[in-house]
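Peer 1: Supplied structure: protein.cif, mmCIF, C-alpha atoms.
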```
data_structure
loop_
_atom_site.group_PDB
_atom_site.id
_atom_site.type_symbol
_atom_site.label_atom_id
_atom_site.label_comp_id
_atom_site.auth_asym_id
_atom_site.auth_seq_id
_atom_site.Cartn_x
_atom_site.Cartn_y
_atom_site.Cartn_z
ATOM 1 C CA MET A 1 105.580 80.558 144.217
ATOM 2 C CA GLN A 2 107.001 83.516 142.327
ATOM 3 C CA LEU A 3 107.857 86.630 144.265
ATOM 4 C CA GLN A 4 109.235 88.503 141.284
ATOM 5 C CA PRO A 5 105.844 90.027 140.265
ATOM 6 C CA LYS A 6 105.549 91.493 143.769
ATOM 7 C CA SER A 7 109.021 93.024 143.642
ATOM 8 C CA SER A 8 107.984 96.690 143.265
ATOM 9 C CA GLU A 9 105.369 96.363 146.042
ATOM 10 C CA ILE A 10 108.024 94.768 148.273
ATOM 11 C CA GLU A 11 110.458 97.563 147.471
ATOM 12 C CA THR A 12 107.930 100.281 148.373
ATOM 13 C CA LEU A 13 107.125 98.566 151.669
ATOM 14 C CA LEU A 14 110.809 98.019 152.514
ATOM 15 C CA THR A 15 111.501 101.714 151.933
ATOM 16 C CA GLU A 16 108.835 102.549 154.529
ATOM 17 C CA VAL A 17 110.057 99.821 156.908
ATOM 18 C CA ALA A 18 113.538 101.375 156.722
ATOM 19 C CA LYS A 19 112.002 104.613 158.102
ATOM 20 C CA GLY A 20 110.652 102.698 161.105
ATOM 21 C CA ASP A 21 107.045 102.326 159.944
ATOM 22 C CA HIS A 22 105.452 99.409 161.815
ATOM 23 C CA ARG A 23 102.396 99.397 159.526
ATOM 24 C CA ALA A 24 104.657 98.890 156.511
ATOM 25 C CA LEU A 25 106.205 95.878 158.264
ATOM 26 C CA ARG A 26 102.703 94.484 158.740
ATOM 27 C CA GLY A 27 102.019 95.217 155.061
ATOM 28 C CA LEU A 28 105.161 93.328 154.083
ATOM 29 C CA TYR A 29 104.149 90.428 156.321
ATOM 30 C CA ASP A 30 100.753 90.279 154.592
ATOM 31 C CA CYS A 31 102.428 90.528 151.189
ATOM 32 C CA VAL A 32 105.198 87.906 151.526
ATOM 33 C CA GLY A 33 104.715 86.170 154.903
ATOM 34 C CA ALA A 34 103.056 83.092 153.366
ATOM 35 C CA ASP A 35 105.681 82.856 150.594
ATOM 36 C CA LEU A 36 108.610 83.046 153.011
ATOM 37 C CA TYR A 37 106.928 80.726 155.518
ATOM 38 C CA GLY A 38 106.371 78.244 152.662
ATOM 39 C CA VAL A 39 110.096 78.390 151.816
ATOM 40 C CA ALA A 40 111.084 77.946 155.471
ATOM 41 C CA VAL A 41 108.781 74.917 155.894
ATOM 42 C CA TYR A 42 110.107 73.478 152.630
ATOM 43 C CA LEU A 43 113.716 73.803 153.807
ATOM 44 C CA VAL A 44 113.425 72.634 157.417
ATOM 45 C CA GLU A 45 110.218 70.565 157.186
ATOM 46 C CA ASP A 46 109.151 71.535 160.667
ATOM 47 C CA GLU A 47 106.416 74.117 161.153
ATOM 48 C CA SER A 48 107.548 75.105 164.624
ATOM 49 C CA ALA A 49 111.136 75.725 163.453
ATOM 50 C CA ALA A 50 109.795 77.515 160.360
ATOM 51 C CA SER A 51 107.790 79.850 162.627
ATOM 52 C CA ASN A 52 110.954 80.774 164.522
ATOM 53 C CA ILE A 53 112.773 81.299 161.238
ATOM 54 C CA LEU A 54 110.059 83.635 159.930
ATOM 55 C CA THR A 55 110.130 85.629 163.181
ATOM 56 C CA ASP A 56 113.928 85.957 162.889
ATOM 57 C CA VAL A 57 113.635 86.986 159.239
ATOM 58 C CA PHE A 58 111.126 89.765 160.006
ATOM 59 C CA GLU A 59 113.216 90.972 162.932
ATOM 60 C CA ARG A 60 116.237 91.214 160.635
ATOM 61 C CA VAL A 61 114.142 92.921 157.949
ATOM 62 C CA TRP A 62 113.136 95.495 160.579
ATOM 63 C CA GLN A 63 116.774 96.074 161.503
ATOM 64 C CA MET A 64 118.329 95.887 158.032
ATOM 65 C CA ALA A 65 115.699 97.211 155.591
ATOM 66 C CA GLY A 66 117.808 100.326 155.006
ATOM 67 C CA MET A 67 120.776 98.236 153.829
ATOM 68 C CA MET A 68 118.767 96.301 151.252
ATOM 69 C CA ARG A 69 119.510 98.579 148.278
ATOM 70 C CA ALA A 70 123.210 98.848 149.007
ATOM 71 C CA ASN A 71 124.125 95.448 147.580
ATOM 72 C CA GLY A 72 122.118 95.773 144.348
ATOM 73 C CA VAL A 73 120.015 92.644 144.916
ATOM 74 C CA PRO A 74 116.328 92.754 143.835
ATOM 75 C CA PRO A 75 114.093 93.088 146.938
ATOM 76 C CA HIS A 76 112.424 89.685 146.551
ATOM 77 C CA VAL A 77 115.800 87.969 146.169
ATOM 78 C CA TRP A 78 117.041 89.773 149.275
ATOM 79 C CA LEU A 79 114.091 88.426 151.296
ATOM 80 C CA LEU A 80 114.473 84.887 149.936
ATOM 81 C CA THR A 81 118.221 84.926 150.639
ATOM 82 C CA LEU A 82 117.581 86.084 154.199
ATOM 83 C CA THR A 83 115.065 83.264 154.667
ATOM 84 C CA ARG A 84 117.372 80.684 153.099
ATOM 85 C CA ASP A 85 120.357 81.781 155.217
ATOM 86 C CA THR A 86 118.311 81.656 158.432
ATOM 87 C CA ALA A 87 116.869 78.220 157.570
ATOM 88 C CA VAL A 88 120.309 76.848 156.685
ATOM 89 C CA ALA A 89 121.763 78.150 159.963
ATOM 90 C CA HIS A 90 118.988 76.225 161.732
ATOM 91 C CA LEU A 91 119.694 73.032 159.749
ATOM 92 C CA ARG A 92 123.426 73.256 160.484
ATOM 93 C CA GLN A 93 122.742 73.719 164.176
ATOM 94 C CA GLN A 94 120.410 70.733 164.096
ATOM 95 C CA ARG A 95 123.080 68.691 162.313
ATOM 96 C CA ARG A 96 125.660 69.621 164.941
ATOM 97 C CA ASN A 97 123.238 68.346 167.576
ATOM 98 C CA THR A 98 122.061 65.192 165.861
ATOM 99 C CA GLY A 99 124.775 64.192 163.349
ATOM 100 C CA ILE A 100 124.886 63.775 159.575
ATOM 101 C CA PRO A 101 122.250 61.057 158.972
ATOM 102 C CA ALA A 102 119.357 63.409 159.748
ATOM 103 C CA ALA A 103 120.698 65.842 157.177
ATOM 104 C CA LEU A 104 120.864 63.088 154.594
ATOM 105 C CA ASP A 105 117.213 62.254 155.157
ATOM 106 C CA ILE A 106 116.363 65.897 154.575
ATOM 107 C CA THR A 107 118.258 66.140 151.298
ATOM 108 C CA GLU A 108 116.856 62.892 149.963
ATOM 109 C CA ARG A 109 113.392 64.255 150.671
ATOM 110 C CA LEU A 110 114.166 67.571 148.952
ATOM 111 C CA TYR A 111 115.185 65.890 145.717
ATOM 112 C CA ALA A 112 112.542 63.191 145.767
ATOM 113 C CA THR A 113 109.634 65.613 145.882
ATOM 114 C CA ASP A 114 110.765 68.364 143.541
ATOM 115 C CA ALA A 115 108.446 68.895 140.607
ATOM 116 C CA PRO A 116 109.834 70.267 137.346
ATOM 117 C CA ASN A 117 109.455 74.033 137.238
ATOM 118 C CA ALA A 118 107.047 74.384 134.322
ATOM 119 C CA GLY A 119 106.208 78.030 133.714
ATOM 120 C CA GLY A 120 109.169 79.226 135.780
ATOM 121 C CA SER A 121 110.890 82.585 135.346
ATOM 122 C CA ALA A 122 113.448 83.156 132.595
ATOM 123 C CA GLU A 123 116.229 82.815 135.189
ATOM 124 C CA ALA A 124 114.838 79.476 136.397
ATOM 125 C CA VAL A 125 114.619 78.077 132.873
ATOM 126 C CA GLN A 126 118.125 79.312 132.042
ATOM 127 C CA LEU A 127 119.613 77.870 135.239
ATOM 128 C CA GLN A 128 117.992 74.468 134.690
ATOM 129 C CA ALA A 129 119.234 74.361 131.092
ATOM 130 C CA CYS A 130 122.798 75.301 132.075
ATOM 131 C CA LEU A 131 122.876 72.828 134.990
ATOM 132 C CA LEU A 132 122.155 70.051 132.485
ATOM 133 C CA GLU A 133 125.410 70.878 130.690
ATOM 134 C CA LEU A 134 127.492 70.139 133.797
ATOM 135 C CA PRO A 135 129.082 66.784 134.609
ATOM 136 C CA PRO A 136 126.705 64.479 136.548
ATOM 137 C CA ASP A 137 126.199 65.157 140.268
ATOM 138 C CA ARG A 138 127.448 68.749 140.184
ATOM 139 C CA ALA A 139 123.917 70.199 140.129
ATOM 140 C CA SER A 140 122.948 68.090 143.132
ATOM 141 C CA TRP A 141 126.054 69.211 145.069
ATOM 142 C CA MET A 142 125.043 72.842 144.490
ATOM 143 C CA GLU A 143 121.446 72.138 145.439
ATOM 144 C CA ARG A 144 122.472 70.341 148.621
ATOM 145 C CA ALA A 145 124.765 73.214 149.586
ATOM 146 C CA PHE A 146 122.156 75.876 148.878
ATOM 147 C CA LYS A 147 119.055 74.160 150.267
ATOM 148 C CA ALA A 148 120.434 71.994 153.062
ATOM 149 C CA GLY A 149 123.543 74.010 153.991
ATOM 150 C CA MET A 150 125.870 71.102 153.228
ATOM 151 C CA THR A 151 129.547 71.951 153.593
ATOM 152 C CA TYR A 152 132.392 70.483 151.536
ATOM 153 C CA ALA A 153 133.002 68.060 154.419
ATOM 154 C CA ASP A 154 129.341 66.909 154.270
ATOM 155 C CA LEU A 155 129.505 66.532 150.488
ATOM 156 C CA ALA A 156 132.785 64.599 150.723
ATOM 157 C CA GLU A 157 131.156 62.239 153.190
ATOM 158 C CA ILE A 158 128.142 61.628 150.940
ATOM 159 C CA THR A 159 130.088 61.228 147.714
ATOM 160 C CA GLY A 160 133.112 59.419 149.133
ATOM 161 C CA LYS A 161 135.339 61.883 147.262
ATOM 162 C CA GLN A 162 138.326 63.622 148.733
ATOM 163 C CA GLY A 163 137.477 67.171 149.932
ATOM 164 C CA GLY A 164 140.053 69.120 147.920
ATOM 165 C CA GLU A 165 139.299 67.246 144.733
ATOM 166 C CA LEU A 166 135.581 67.809 145.199
ATOM 167 C CA ARG A 167 136.078 71.512 145.783
ATOM 168 C CA ALA A 168 138.224 71.947 142.688
ATOM 169 C CA ALA A 169 135.606 70.079 140.627
ATOM 170 C CA LEU A 170 132.777 72.230 141.969
ATOM 171 C CA ARG A 171 134.692 75.456 141.316
ATOM 172 C CA ARG A 172 135.377 74.433 137.738
ATOM 173 C CA SER A 173 131.671 73.652 137.361
ATOM 174 C CA VAL A 174 130.483 77.024 138.677
ATOM 175 C CA LEU A 175 132.769 78.728 136.138
ATOM 176 C CA GLN A 176 131.262 76.611 133.387
ATOM 177 C CA LEU A 177 127.797 77.457 134.725
ATOM 178 C CA ARG A 178 128.640 81.168 134.852
ATOM 179 C CA GLU A 179 129.837 81.072 131.264
ATOM 180 C CA CYS A 180 126.633 79.321 130.155
ATOM 181 C CA LEU A 181 124.386 81.738 132.084
ATOM 182 C CA SER A 182 126.068 84.782 130.547
ATOM 183 C CA ARG A 183 125.600 83.550 126.967
ATOM 184 C CA MET B 184 153.619 76.453 164.265
ATOM 185 C CA THR B 185 151.009 78.890 162.979
ATOM 186 C CA VAL B 186 148.513 78.035 160.316
ATOM 187 C CA ASP B 187 147.183 80.764 158.033
ATOM 188 C CA VAL B 188 143.497 79.883 158.167
ATOM 189 C CA ASP B 189 142.465 82.954 156.168
ATOM 190 C CA ALA B 190 144.215 81.837 153.030
ATOM 191 C CA MET B 191 142.297 79.883 150.413
ATOM 192 C CA PRO B 192 144.176 76.829 149.187
ATOM 193 C CA ALA B 193 146.514 78.274 146.532
ATOM 194 C CA ASP B 194 145.952 75.651 143.846
ATOM 195 C CA LEU B 195 142.156 76.089 143.571
ATOM 196 C CA PRO B 196 140.848 76.890 140.092
ATOM 197 C CA GLY B 197 138.470 79.744 139.323
ATOM 198 C CA GLY B 198 139.626 82.791 141.313
ATOM 199 C CA ASP B 199 137.140 85.310 142.759
ATOM 200 C CA GLU B 200 134.462 84.420 140.214
ATOM 201 C CA ALA B 201 134.233 80.876 141.547
ATOM 202 C CA THR B 202 134.532 82.087 145.138
ATOM 203 C CA ALA B 203 131.480 84.354 144.604
ATOM 204 C CA ALA B 204 129.379 81.270 143.765
ATOM 205 C CA GLU B 205 130.806 79.353 146.737
ATOM 206 C CA TYR B 206 129.923 82.313 148.948
ATOM 207 C CA VAL B 207 126.278 82.284 147.801
ATOM 208 C CA LEU B 208 126.079 78.488 148.105
ATOM 209 C CA GLY B 209 127.370 78.795 151.676
ATOM 210 C CA LEU B 210 130.464 76.726 150.921
ATOM 211 C CA LEU B 211 133.070 79.129 152.315
ATOM 212 C CA SER B 212 134.344 78.555 155.819
ATOM 213 C CA ASP B 213 133.968 81.496 158.222
ATOM 214 C CA ALA B 214 137.698 82.138 157.892
ATOM 215 C CA GLU B 215 137.306 82.392 154.104
ATOM 216 C CA ALA B 216 133.981 84.284 154.092
ATOM 217 C CA THR B 217 135.232 87.206 156.212
ATOM 218 C CA PRO B 218 138.062 88.337 153.863
ATOM 219 C CA PHE B 219 135.769 87.681 150.895
ATOM 220 C CA GLU B 220 133.127 90.012 152.358
ATOM 221 C CA THR B 221 135.759 92.711 152.929
ATOM 222 C CA LYS B 222 136.701 92.464 149.268
ATOM 223 C CA LEU B 223 133.029 92.302 148.241
ATOM 224 C CA ASN B 224 132.287 95.627 149.956
ATOM 225 C CA LYS B 225 134.774 97.378 147.659
ATOM 226 C CA ASP B 226 134.376 95.470 144.413
ATOM 227 C CA ARG B 227 131.366 96.316 142.204
ATOM 228 C CA ASP B 228 131.934 93.451 139.771
ATOM 229 C CA LEU B 229 132.068 90.974 142.601
ATOM 230 C CA GLN B 230 128.829 92.448 144.034
ATOM 231 C CA GLN B 231 127.156 91.933 140.657
ATOM 232 C CA ASP B 232 128.345 88.346 140.555
ATOM 233 C CA VAL B 233 127.030 87.627 144.042
ATOM 234 C CA ALA B 234 123.689 89.305 143.251
ATOM 235 C CA ALA B 235 123.353 87.267 140.034
ATOM 236 C CA TRP B 236 124.127 83.971 141.799
ATOM 237 C CA GLN B 237 121.588 84.790 144.517
ATOM 238 C CA ALA B 238 118.924 85.553 141.915
ATOM 239 C CA TYR B 239 119.642 82.326 140.007
ATOM 240 C CA PHE B 240 119.792 80.017 143.015
ATOM 241 C CA CYS B 241 116.672 81.560 144.583
ATOM 242 C CA THR B 242 114.738 80.321 141.534
ATOM 243 C CA TYR B 243 114.923 76.916 143.274
ATOM 244 C CA PHE B 244 112.081 78.251 145.444
ATOM 245 C CA GLU B 245 109.730 79.101 142.581
ATOM 246 C CA THR B 246 108.041 75.696 142.822
ATOM 247 C CA VAL B 247 107.458 76.019 146.571
ATOM 248 C CA GLN B 248 103.826 76.579 147.541
ATOM 249 C CA PRO B 249 103.039 79.517 149.860
ATOM 250 C CA GLN B 250 101.758 78.424 153.250
ATOM 251 C CA THR B 251 99.792 80.546 155.714
ATOM 252 C CA PRO B 252 101.830 81.098 158.887
ATOM 253 C CA PRO B 253 100.179 80.309 162.253
ATOM 254 C CA PRO B 254 97.881 83.199 163.304
ATOM 255 C CA ALA B 255 99.880 83.882 166.499
ATOM 256 C CA LEU B 256 103.122 84.430 164.584
ATOM 257 C CA TRP B 257 102.570 88.090 163.760
ATOM 258 C CA ARG B 258 102.290 88.814 167.477
ATOM 259 C CA GLU B 259 105.731 87.217 167.969
ATOM 260 C CA VAL B 260 107.127 89.496 165.279
ATOM 261 C CA GLU B 261 105.552 92.571 166.924
ATOM 262 C CA ILE B 262 107.099 91.669 170.277
ATOM 263 C CA ARG B 263 110.509 91.143 168.653
ATOM 264 C CA VAL B 264 110.507 94.530 166.949
ATOM 265 C CA GLY B 265 109.472 96.252 170.151
ATOM 266 C CA GLN B 266 105.884 96.947 169.194
ATOM 267 C CA GLU B 267 103.589 95.694 171.940
ATOM 268 C CA PRO B 268 100.730 93.729 170.418
ATOM 269 C CA LYS B 269 97.426 95.587 170.300
ATOM 270 C CA VAL B 270 95.061 94.003 172.825
ATOM 271 C CA PRO B 271 91.364 94.859 172.446
ATOM 272 C CA MET B 272 89.881 97.004 175.246
ATOM 273 C CA TRP B 273 87.572 94.266 176.537
ATOM 274 C CA ARG B 274 90.577 91.954 176.968
ATOM 275 C CA GLN B 275 92.546 94.643 178.758
ATOM 276 C CA VAL B 276 89.787 95.107 181.355
ATOM 277 C CA LEU B 277 88.768 91.425 181.523
ATOM 278 C CA PRO B 278 91.188 90.489 184.355
ATOM 279 C CA TYR B 279 89.843 93.364 186.443
ATOM 280 C CA LEU B 280 86.247 92.342 185.740
ATOM 281 C CA ILE B 281 87.004 88.757 186.748
ATOM 282 C CA GLY B 282 88.783 90.007 189.855
ATOM 283 C CA ALA B 283 85.899 92.300 190.713
ATOM 284 C CA PHE B 284 83.364 89.517 190.220
ATOM 285 C CA PHE B 285 85.155 86.976 192.416
ATOM 286 C CA GLY B 286 86.239 89.598 194.936
ATOM 287 C CA GLY B 287 82.637 90.750 195.241
ATOM 288 C CA GLY B 288 81.431 87.155 195.486
ATOM 289 C CA LEU B 289 83.945 86.396 198.225
ATOM 290 C CA THR B 290 82.935 89.462 200.184
ATOM 291 C CA TRP B 291 79.314 88.416 199.852
ATOM 292 C CA LEU B 292 80.132 84.833 200.962
ATOM 293 C CA VAL B 293 82.138 85.933 203.990
ATOM 294 C CA THR B 294 79.406 88.356 204.929
ATOM 295 C CA MET B 295 76.743 85.665 204.595
ATOM 296 C CA ILE B 296 78.783 83.123 206.613
ATOM 297 C CA GLY B 297 79.571 85.798 209.138
ATOM 298 C CA LEU B 298 75.878 86.683 209.409
ATOM 299 C CA GLY B 299 74.852 82.998 209.606
ATOM 300 C CA GLY B 300 77.323 82.421 212.488
ATOM 301 C CA HIS B 301 75.551 84.924 214.648
#
```
Represent the structure of the file as structure tokens.
Peer 2:
Amino acid sequence: MQLQPKSSEIETLLTEVAKGDHRALRGLYDCVGADLYGVAVYLVEDESAASNILTDVFERVWQMAGMMRANGVPPHVWLLTLTRDTAVAHLRQQRRNTGIPAALDITERLYATDAPNAGGSAEAVQLQACLLELPPDRASWMERAFKAGMTYADLAEITGKQGGELRAALRRSVLQLRECLSR
Amino acid sequence: MTVDVDAMPADLPGGDEATAAEYVLGLLSDAEATPFETKLNKDRDLQQDVAAWQAYFCTYFETVQPQTPPPALWREVEIRVGQEPKVPMWRQVLPYLIGAFFGGGLTWLVTMIGLGGH
């Protein structure tokens, strides 16, 4: 799924949504609803929870469409970030209710099923290449944080490393990653 | 004894540039995220960093297949944003038609029973 080609259409619709146009919201739903629902199902692996997430995302889009341009993020990235943040909040809540093991199952599933991103965007290719330059495990820590909402405490538990040490290592790695990405 | 929960541990490497990535990865505690966001609102370079990290990490979703949401979901969205779902005219009047039908039937039945009793 690549939303980037739809970015200008999304931007036009969001501009209308920001003015309170309900039809534009419907247009946006038709344009990206299946993409965002796919991401939500992928992250939480539960269609009922994913439905609630998508409803929350569109409610927030309705309320916040006017603020989208302010932070300089491309429209499709803004929508994906909103979906990711909402899904991660759900996963964290679920983890608080059920404990860590459930979360571990989820992350193992995420990494077991991922196909290589052949034909991905330039950013995807660049990120994958730069992640390969990092010390082992660092890429999976970042992926677990971003996709499953793992905290440093969760990562420390999985890796058996001490929290502060792990954090310092991850911060050094993101700097190395940043340097590679800006080459 | 008071603990300054807002402060990041002083000996962490990387400065704001590393914190921007942690912010996007969701690795900052609430106590750390709030002052970071205050700084973010005023700092263009930091905003660019955050935007770039979001764009890069969102490429994780490029391999995800779109999936059609359940048909009833749009109605949920409409209710949430304060737009009452559009109900077709025949469904708006259906309860009245059903009521009229059974009401009429009941009247007829009572009348018939009443007539039969005499």
Peer 1: Which chain A residues are at most 8 Å from chain B (counting all atoms listed in the file), as a VMD selection string?
Peer 2: chain A and resid 1 to 3 22 29 33 to 39 42 51 55 58 to 59 62 71 to 74 77 80 to 81 114 to 117 120 to 121 123 to 124 127 142 145 to 146 149 to 152 167 to 168 171 to 172 174 to 175
Peer 1: Env of range 17-19 of chain A: 10 Å cut, atoms = all atoms listed in the file, seq-sep filter 6 positions within chain, self excluded. Answer as a list in words.
Peer 2: Glu11, Leu25, Arg26, Gly27, Leu28, Val61, Trp62, Gln63, Met64, Ala65, Gly66, Met67 and Met68 of chain A
Peer 1: Could you state the separation of CA of Ala169 in chain A and CA of Pro135 in chain A in Å, given to one decimal place?
Peer 2: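 Here the two named atoms are 9.5 Å from each other.
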Peer 1: What is the distance between CA of Ala50 in chain A and CA of Ala87 in chain A, in Å to one decimal?
Peer 2: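 Computed distance, CA of Ala50 in chain A to CA of Ala87 in chain A, equals 7.6 Å.
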